[in-house]
file target_6.csv (CSV, C-alpha atoms)
chain,number,residue,atom,x,y,z
T,1,ALA,CA,41.3,-48.1,2.1
T,2,GLN,CA,39.5,-51.1,0.6
T,3,ARG,CA,35.8,-50.7,0.6
T,4,VAL,CA,32.9,-52.7,-0.6
T,5,THR,CA,29.4,-51.3,-0.8
T,6,GLN,CA,26.3,-53.4,-1.1
T,7,PRO,CA,23.6,-50.6,-1.1
T,8,GLU,CA,20.6,-52.8,-0.5
T,9,LYS,CA,20.4,-54.4,2.9
T,10,LEU,CA,17.1,-56.2,1.9
T,11,LEU,CA,15.8,-57.1,-1.4
T,12,SER,CA,12.5,-58.8,-2.0
T,13,VAL,CA,11.3,-60.1,-5.3
T,14,PHE,CA,8.6,-62.6,-6.6
T,15,LYS,CA,9.5,-66.0,-8.0
T,16,GLY,CA,10.3,-65.8,-11.6
T,17,ALA,CA,11.2,-62.1,-11.5
T,18,PRO,CA,14.7,-60.9,-12.4
T,19,VAL,CA,17.0,-60.1,-9.6
T,20,GLU,CA,20.1,-57.9,-9.4
T,21,LEU,CA,22.2,-57.6,-6.2
T,22,LYS,CA,24.5,-54.6,-6.4
T,23,CYS,CA,28.1,-54.4,-5.4
T,24,ASN,CA,30.5,-51.5,-5.8
T,25,TYR,CA,34.1,-51.6,-4.7
T,26,SER,CA,36.9,-49.2,-4.0
T,27,TYR,CA,40.1,-51.1,-4.1
T,28,SER,CA,43.7,-50.4,-5.1
T,29,GLY,CA,45.0,-52.5,-8.0
T,30,SER,CA,42.8,-55.0,-9.8
T,31,PRO,CA,41.1,-57.1,-7.2
T,32,GLU,CA,39.7,-60.5,-7.8
T,33,LEU,CA,36.0,-60.5,-6.9
T,34,PHE,CA,33.8,-63.1,-5.3
T,35,TRP,CA,30.2,-63.5,-4.4
T,36,TYR,CA,29.5,-65.7,-1.3
T,37,VAL,CA,26.1,-66.9,-0.2
T,38,GLN,CA,24.8,-68.0,3.1
T,39,TYR,CA,21.5,-69.9,3.2
T,40,SER,CA,19.6,-70.1,6.4
T,41,ARG,CA,21.4,-72.1,9.0
T,42,GLN,CA,24.2,-73.0,6.7
T,43,ARG,CA,27.8,-72.0,6.4
T,44,LEU,CA,29.1,-69.3,4.0
T,45,GLN,CA,29.9,-70.8,0.6
T,46,LEU,CA,31.3,-69.5,-2.6
T,47,LEU,CA,28.7,-68.7,-5.2
T,48,LEU,CA,31.0,-67.5,-8.0
T,49,ARG,CA,34.3,-65.7,-8.7
T,50,HIS,CA,34.7,-63.4,-11.6
T,51,ILE,CA,37.8,-65.0,-12.9
T,52,SER,CA,36.1,-68.2,-13.7
T,53,ARG,CA,33.3,-66.6,-15.6
T,54,GLU,CA,30.9,-69.4,-14.6
T,55,SER,CA,27.2,-69.3,-14.2
T,56,ILE,CA,26.3,-71.0,-10.9
T,57,LYS,CA,22.7,-71.7,-10.0
T,58,GLY,CA,21.7,-69.4,-12.8
T,59,PHE,CA,23.6,-66.4,-11.3
T,60,THR,CA,26.1,-64.4,-13.3
T,61,ALA,CA,28.2,-61.4,-12.3
T,62,ASP,CA,29.9,-59.0,-14.6
T,63,LEU,CA,32.9,-57.0,-13.6
T,64,ASN,CA,32.7,-53.4,-14.7
T,65,LYS,CA,36.1,-51.9,-14.1
T,66,GLY,CA,34.9,-48.4,-15.2
T,67,GLU,CA,32.1,-48.3,-12.7
T,68,THR,CA,34.0,-50.5,-10.2
T,69,SER,CA,31.0,-52.7,-9.9
T,70,PHE,CA,30.4,-56.5,-9.7
T,71,HIS,CA,26.6,-56.8,-9.7
T,72,LEU,CA,25.1,-60.3,-9.3
T,73,LYS,CA,22.2,-61.1,-11.6
T,74,LYS,CA,19.7,-63.9,-12.2
T,75,PRO,CA,17.0,-63.6,-14.9
T,76,PHE,CA,14.4,-65.7,-13.0
T,77,ALA,CA,14.6,-65.9,-9.2
T,78,GLN,CA,13.6,-69.1,-7.4
T,79,GLU,CA,12.4,-69.4,-3.8
T,80,GLU,CA,15.5,-71.4,-3.0
T,81,ASP,CA,17.6,-68.4,-3.8
T,82,SER,CA,16.5,-66.7,-0.7
T,83,ALA,CA,19.7,-66.2,1.3
T,84,MET,CA,22.2,-63.6,2.4
T,85,TYR,CA,24.6,-62.6,-0.3
T,86,TYR,CA,28.0,-61.1,0.2
T,87,CYS,CA,30.3,-59.4,-2.3
T,88,ALA,CA,33.9,-59.8,-1.4
T,89,PRO,CA,37.1,-58.7,-3.3
T,90,HIS,CA,40.6,-59.7,-2.5
T,91,PRO,CA,43.9,-58.5,-3.7
T,92,ASN,CA,45.1,-60.0,-6.9
T,93,SER,CA,48.8,-59.8,-6.2
T,94,GLY,CA,51.3,-61.3,-3.9
T,95,GLY,CA,53.2,-59.7,-1.1
T,96,SER,CA,50.3,-59.8,1.4
T,97,ASN,CA,47.7,-62.2,2.5
T,98,TYR,CA,44.8,-62.6,0.1
T,99,LYS,CA,42.2,-61.5,2.6
T,100,LEU,CA,38.7,-60.9,1.6
T,101,THR,CA,36.9,-57.7,2.4
T,102,PHE,CA,33.2,-58.5,2.9
T,103,GLY,CA,30.4,-56.1,2.1
T,104,LYS,CA,27.6,-55.8,4.6
T,105,GLY,CA,25.5,-58.2,2.6
T,106,THR,CA,22.1,-58.2,1.0
T,107,LEU,CA,19.3,-60.4,2.3
T,108,LEU,CA,17.4,-61.7,-0.7
T,109,THR,CA,13.9,-62.9,-0.2
T,110,VAL,CA,12.1,-64.6,-3.1
T,111,ASN,CA,8.4,-64.7,-2.5
T,112,PRO,CA,6.1,-67.4,-4.0
S,1,GLY,CA,35.8,-81.9,-1.2
S,2,ALA,CA,37.2,-78.8,0.5
S,3,VAL,CA,35.4,-79.2,3.9
S,4,VAL,CA,36.3,-77.2,6.9
S,5,SER,CA,35.1,-78.1,10.3
S,6,GLN,CA,35.0,-76.2,13.6
S,7,HIS,CA,34.8,-77.4,17.1
S,8,PRO,CA,32.9,-76.8,19.2
S,9,SER,CA,29.8,-75.6,17.4
S,10,TRP,CA,28.7,-73.7,20.4
S,11,VAL,CA,30.2,-73.0,23.9
S,12,ILE,CA,29.1,-71.2,27.0
S,13,CYS,CA,31.6,-70.1,29.5
S,14,LYS,CA,32.0,-67.9,32.6
S,15,SER,CA,33.6,-64.5,32.4
S,16,GLY,CA,37.3,-64.7,33.0
S,17,THR,CA,37.8,-68.1,31.6
S,18,SER,CA,39.6,-69.0,28.3
S,19,VAL,CA,38.0,-70.8,25.4
S,20,LYS,CA,39.7,-72.6,22.6
S,21,ILE,CA,38.1,-73.0,19.1
S,22,GLU,CA,39.5,-75.4,16.6
S,23,CYS,CA,39.4,-75.1,12.8
S,24,ARG,CA,40.3,-78.0,10.7
S,25,SER,CA,40.6,-78.6,6.9
S,26,LEU,CA,39.4,-82.1,6.5
S,27,ASP,CA,40.4,-83.0,3.0
S,28,PHE,CA,43.0,-80.5,1.9
S,29,GLN,CA,46.0,-78.7,3.3
S,30,ALA,CA,45.4,-75.2,4.2
S,31,THR,CA,48.4,-72.9,3.9
S,32,THR,CA,46.4,-70.0,5.2
S,33,MET,CA,43.5,-69.9,7.6
S,34,PHE,CA,41.4,-66.8,8.4
S,35,TRP,CA,39.4,-66.0,11.5
S,36,TYR,CA,36.3,-63.9,11.4
S,37,ARG,CA,33.8,-62.6,13.9
S,38,GLN,CA,30.2,-62.0,13.0
S,39,PHE,CA,27.7,-60.1,15.2
S,40,PRO,CA,24.0,-60.7,14.7
S,41,LYS,CA,22.7,-59.5,11.4
S,42,GLN,CA,26.0,-58.1,10.5
S,43,SER,CA,28.7,-59.0,8.0
S,44,LEU,CA,31.9,-60.9,8.7
S,45,MET,CA,34.7,-59.0,10.2
S,46,LEU,CA,38.2,-60.4,9.6
S,47,MET,CA,40.1,-60.7,12.9
S,48,ALA,CA,43.4,-62.3,11.8
S,49,THR,CA,45.1,-64.3,9.2
S,50,SER,CA,47.3,-67.3,10.0
S,51,ASN,CA,49.9,-68.9,7.8
S,52,GLU,CA,51.1,-72.3,8.8
S,53,GLY,CA,54.2,-72.2,10.8
S,54,SER,CA,54.3,-68.4,11.3
S,55,LYS,CA,52.8,-65.8,13.5
S,56,ALA,CA,49.3,-64.7,12.8
S,57,THR,CA,48.7,-61.2,11.3
S,58,TYR,CA,46.0,-59.4,13.2
S,59,GLU,CA,43.7,-56.7,11.8
S,60,GLN,CA,43.7,-53.3,13.3
S,61,GLY,CA,41.8,-53.1,16.6
S,62,VAL,CA,42.1,-56.8,17.3
S,63,GLU,CA,44.0,-57.6,20.5
S,64,LYS,CA,46.7,-60.2,19.9
S,65,ASP,CA,46.9,-61.1,23.6
S,66,LYS,CA,43.2,-61.6,23.8
S,67,PHE,CA,42.7,-63.7,20.7
S,68,LEU,CA,45.6,-66.1,20.5
S,69,ILE,CA,45.9,-67.9,17.2
S,70,ASN,CA,48.0,-71.0,16.5
S,71,HIS,CA,48.4,-72.6,13.1
S,72,ALA,CA,50.7,-75.5,13.9
S,73,SER,CA,49.9,-77.7,11.0
S,74,LEU,CA,48.5,-77.5,7.5
S,75,THR,CA,45.1,-78.8,8.7
S,76,LEU,CA,44.6,-77.2,12.1
S,77,SER,CA,44.3,-73.7,13.4
S,78,THR,CA,43.1,-72.7,16.9
S,79,LEU,CA,41.7,-69.5,18.2
S,80,THR,CA,41.9,-69.0,22.0
S,81,VAL,CA,39.8,-66.3,23.5
S,82,THR,CA,41.6,-65.5,26.8
S,83,SER,CA,39.9,-64.1,29.8
S,84,ALA,CA,36.6,-64.0,28.0
S,85,HIS,CA,34.1,-61.3,28.8
S,86,PRO,CA,30.5,-60.9,27.8
S,87,GLU,CA,31.4,-58.5,25.1
S,88,ASP,CA,33.4,-61.3,23.4
S,89,SER,CA,30.2,-63.2,22.9
S,90,SER,CA,29.8,-63.6,19.2
S,91,PHE,CA,29.9,-66.0,16.3
S,92,TYR,CA,33.4,-67.0,15.3
S,93,ILE,CA,34.0,-68.3,11.8
S,94,CYS,CA,37.2,-69.7,10.3
S,95,SER,CA,38.0,-70.2,6.6
S,96,ALA,CA,40.9,-72.1,5.0
S,97,ALA,CA,42.6,-71.6,1.7
S,98,GLN,CA,45.1,-73.7,-0.2
S,99,GLY,CA,47.0,-71.1,-2.1
S,100,PHE,CA,50.1,-69.3,-0.9
S,101,LEU,CA,49.1,-66.5,1.4
S,102,GLY,CA,45.6,-67.5,1.0
S,103,ALA,CA,45.3,-67.0,-2.7
S,104,ASP,CA,42.5,-69.1,-4.1
S,105,THR,CA,39.0,-69.8,-2.8
S,106,GLN,CA,38.4,-69.7,0.9
S,107,TYR,CA,36.3,-72.5,2.3
S,108,PHE,CA,34.3,-71.6,5.4
S,109,GLY,CA,33.7,-73.5,8.6
S,110,PRO,CA,30.2,-73.7,10.1
S,111,GLY,CA,31.1,-71.2,12.9
S,112,THR,CA,31.2,-71.4,16.7
S,113,ARG,CA,28.7,-69.6,18.8
S,114,LEU,CA,30.5,-68.3,22.0
S,115,THR,CA,28.4,-67.0,24.9
S,116,VAL,CA,30.2,-65.5,27.8
S,117,LEU,CA,28.1,-65.2,31.0

call {"tool": "encode", "arguments": {"input": "target_6.csv", "output": "structure tokens"}}
result
Amino acid sequence: AQRVTQPEKLLSVFKGAPVELKCNYSYSGSPELFWYVQYSRQRLQLLLRHISRESIKGFTADLNKGETSFHLKKPFAQEEDSAMYYCAPHPNSGGSNYKLTFGKGTLLTVNP
Amino acid sequence: GAVVSQHPSWVICKSGTSVKIECRSLDFQATTMFWYRQFPKQSLMLMATSNEGSKATYEQGVEKDKFLINHASLTLSTLTVTSAHPEDSSFYICSAAQGFLGADTQYFGPGTRLTVL
């Protein structure tokens, strides 16, 4: 069964500190991986996807196939980064719908 | 670009009545739309996937006859909660994707808060 684990429900850091949100997955095949973010009172939105290898709002995520991890990192956290973050893989092959499997999410709080 | 809207944003209904929620892709054609449910302080749970012009695919444990999904056009999908009960009270979120079978980025609607009295 497809499974996504975000071990930290809550993560609190101070502004300017590095932050890492962990994500491990158990998935058949080679999934494509996404990080979604939900700011307070806003809709869920895409933060980044591993295939694009972009850095969005200073965040990066490296896919480690050996460890089946896709941790999200930012070297210097900002207060506006406070939000709920979800890791979500989906299948990378046709034949079935490309449905996302969401982790339980990590609530990041960046303190001033 | 890639905006998804939902209507209504919130609804209160009496137990036993049916409620329809609309999900629209405003500036793109969505081959696939997904319906999620989110309980307070919990993650999104996929309920069903709908591909335009075909029947929805429901996740295990989701009652097809209770949650009717129609995806009649490339910009509109509807979720009807039939004979709603208090336990159906939740936050319902849709997403839309352009790619075939939903491949590609999913864009999310703002959600609909359903309260069943």

call {"tool": "residues_around", "arguments": {"input": "target_6.csv", "residues": "Asn64 (chain T)", "least_positions_apart": "2", "cutoff": "12 Å", "atoms": "all atoms listed in the file", "output": "compact mmCIF listing (two decimals) with C-alpha atoms, keeping the file's coordinate frame"}}
result
# COMPACT_ATOMS: atom_id res chain seq x y z
CA LYS T 22 24.50 -54.60 -6.40
CA CYS T 23 28.10 -54.40 -5.40
CA ASN T 24 30.50 -51.50 -5.80
CA TYR T 25 34.10 -51.60 -4.70
CA SER T 30 42.80 -55.00 -9.80
CA PRO T 31 41.10 -57.10 -7.20
CA LEU T 33 36.00 -60.50 -6.90
CA HIS T 50 34.70 -63.40 -11.60
CA ALA T 61 28.20 -61.40 -12.30
CA ASP T 62 29.90 -59.00 -14.60
CA GLY T 66 34.90 -48.40 -15.20
CA GLU T 67 32.10 -48.30 -12.70
CA THR T 68 34.00 -50.50 -10.20
CA SER T 69 31.00 -52.70 -9.90
CA PHE T 70 30.40 -56.50 -9.70
CA HIS T 71 26.60 -56.80 -9.70
CA LEU T 72 25.10 -60.30 -9.30

call {"tool": "residues_around", "arguments": {"input": "target_6.csv", "residues": "Cys23 (chain S)", "least_positions_apart": "4", "cutoff": "12 Å", "atoms": "only C-alpha atoms", "output": "PyMOL selection string"}}
result
chain S and resi 3-9+30+32-36+50+69-80+92-96+107-112

call {"tool": "write_last_selection", "arguments": {"input": "target_6.csv", "atoms": "C-alpha atoms", "output": "compact mmCIF listing (two decimals), in the coordinates of the input"}}
result
# COMPACT_ATOMS: atom_id res chain seq x y z
CA VAL S 3 35.40 -79.20 3.90
CA VAL S 4 36.30 -77.20 6.90
CA SER S 5 35.10 -78.10 10.30
CA GLN S 6 35.00 -76.20 13.60
CA HIS S 7 34.80 -77.40 17.10
CA PRO S 8 32.90 -76.80 19.20
CA SER S 9 29.80 -75.60 17.40
CA ALA S 30 45.40 -75.20 4.20
CA THR S 32 46.40 -70.00 5.20
CA MET S 33 43.50 -69.90 7.60
CA PHE S 34 41.40 -66.80 8.40
CA TRP S 35 39.40 -66.00 11.50
CA TYR S 36 36.30 -63.90 11.40
CA SER S 50 47.30 -67.30 10.00
CA ILE S 69 45.90 -67.90 17.20
CA ASN S 70 48.00 -71.00 16.50
CA HIS S 71 48.40 -72.60 13.10
CA ALA S 72 50.70 -75.50 13.90
CA SER S 73 49.90 -77.70 11.00
CA LEU S 74 48.50 -77.50 7.50
CA THR S 75 45.10 -78.80 8.70
CA LEU S 76 44.60 -77.20 12.10
CA SER S 77 44.30 -73.70 13.40
CA THR S 78 43.10 -72.70 16.90
CA LEU S 79 41.70 -69.50 18.20
CA THR S 80 41.90 -69.00 22.00
CA TYR S 92 33.40 -67.00 15.30
CA ILE S 93 34.00 -68.30 11.80
CA CYS S 94 37.20 -69.70 10.30
CA SER S 95 38.00 -70.20 6.60
CA ALA S 96 40.90 -72.10 5.00
CA TYR S 107 36.30 -72.50 2.30
CA PHE S 108 34.30 -71.60 5.40
CA GLY S 109 33.70 -73.50 8.60
CA PRO S 110 30.20 -73.70 10.10
CA GLY S 111 31.10 -71.20 12.90
CA THR S 112 31.20 -71.40 16.70

call {"tool": "closest_residue", "arguments": {"input": "target_6.csv", "among": "T:Lys74, T:Arg53, T:Arg3, T:Arg41", "to": "chain S", "atoms": "only C-alpha atoms"}}
result
T:Arg41

call {"tool": "residues_near_point", "arguments": {"input": "target_6.csv", "point": "(18.7, -70.1, -0.3)", "cutoff": "10 Å", "atoms": "all atoms listed in the file", "output": "ChimeraX atom specification"}}
result
/T:37-42,78-85,108-110

call {"tool": "closest_residue", "arguments": {"input": "target_6.csv", "among": "S:Met45, S:Val62, S:Ala84, S:Leu68", "to": "chain T", "atoms": "all atoms listed in the file"}}
result
S:Met45

call {"tool": "interface_residues", "arguments": {"input": "target_6.csv", "of": "chain T", "to": "chain S", "cutoff": "6 Å", "atoms": "all atoms listed in the file", "output": "PyMOL selection string"}}
result
chain T and resi 43-44+97-98+104

call {"tool": "closest_residue", "arguments": {"input": "target_6.csv", "among": "S:Asp88, S:Glu59, S:Val19, S:Gly53", "to": "Thr101 (chain T)", "atoms": "all atoms listed in the file"}}
result
S:Glu59

call {"tool": "atom_distance", "arguments": {"input": "target_6.csv", "atom1": "CA of Pro91 (chain T)", "atom2": "CA of Ser55 (chain T)"}}
result
22.5 Å

call {"tool": "closest_residue", "arguments": {"input": "target_6.csv", "among": "S:Trp10, S:Phe39, S:Gln29, S:Asp65", "to": "Glu52 (chain S)", "atoms": "all atoms listed in the file"}}
result
S:Gln29

call {"tool": "closest_residue", "arguments": {"input": "target_6.csv", "among": "T:Ser26, T:Pro7, T:Phe34, T:Gln45", "to": "His90 (chain T)", "atoms": "all atoms listed in the file"}}
result
T:Phe34

call {"tool": "closest_residue", "arguments": {"input": "target_6.csv", "among": "S:Ala2, S:Val11, S:Pro40, S:Ser83", "to": "Leu26 (chain S)", "atoms": "all atoms listed in the file"}}
result
S:Ala2

call {"tool": "residues_around", "arguments": {"input": "target_6.csv", "residues": "Pro18 (chain T)", "least_positions_apart": "2", "cutoff": "12 Å", "atoms": "all atoms listed in the file", "output": "VMD selection string"}}
result
chain T and resid 11 to 16 20 to 21 58 to 60 72 to 78 81 110

call {"tool": "write_last_selection", "arguments": {"input": "target_6.csv", "atoms": "C-alpha atoms", "output": "compact mmCIF listing (two decimals), in the coordinates of the input"}}
result
# COMPACT_ATOMS: atom_id res chain seq x y z
CA LEU T 11 15.80 -57.10 -1.40
CA SER T 12 12.50 -58.80 -2.00
CA VAL T 13 11.30 -60.10 -5.30
CA PHE T 14 8.60 -62.60 -6.60
CA LYS T 15 9.50 -66.00 -8.00
CA GLY T 16 10.30 -65.80 -11.60
CA GLU T 20 20.10 -57.90 -9.40
CA LEU T 21 22.20 -57.60 -6.20
CA GLY T 58 21.70 -69.40 -12.80
CA PHE T 59 23.60 -66.40 -11.30
CA THR T 60 26.10 -64.40 -13.30
CA LEU T 72 25.10 -60.30 -9.30
CA LYS T 73 22.20 -61.10 -11.60
CA LYS T 74 19.70 -63.90 -12.20
CA PRO T 75 17.00 -63.60 -14.90
CA PHE T 76 14.40 -65.70 -13.00
CA ALA T 77 14.60 -65.90 -9.20
CA GLN T 78 13.60 -69.10 -7.40
CA ASP T 81 17.60 -68.40 -3.80
CA VAL T 110 12.10 -64.60 -3.10

call {"tool": "atom_distance", "arguments": {"input": "target_6.csv", "atom1": "CA of Leu63 (chain T)", "atom2": "CA of Arg49 (chain T)"}}
result
10.1 Å

call {"tool": "atom_distance", "arguments": {"input": "target_6.csv", "atom1": "CA of Leu117 (chain S)", "atom2": "CA of Lys14 (chain S)"}}
result
5.0 Å
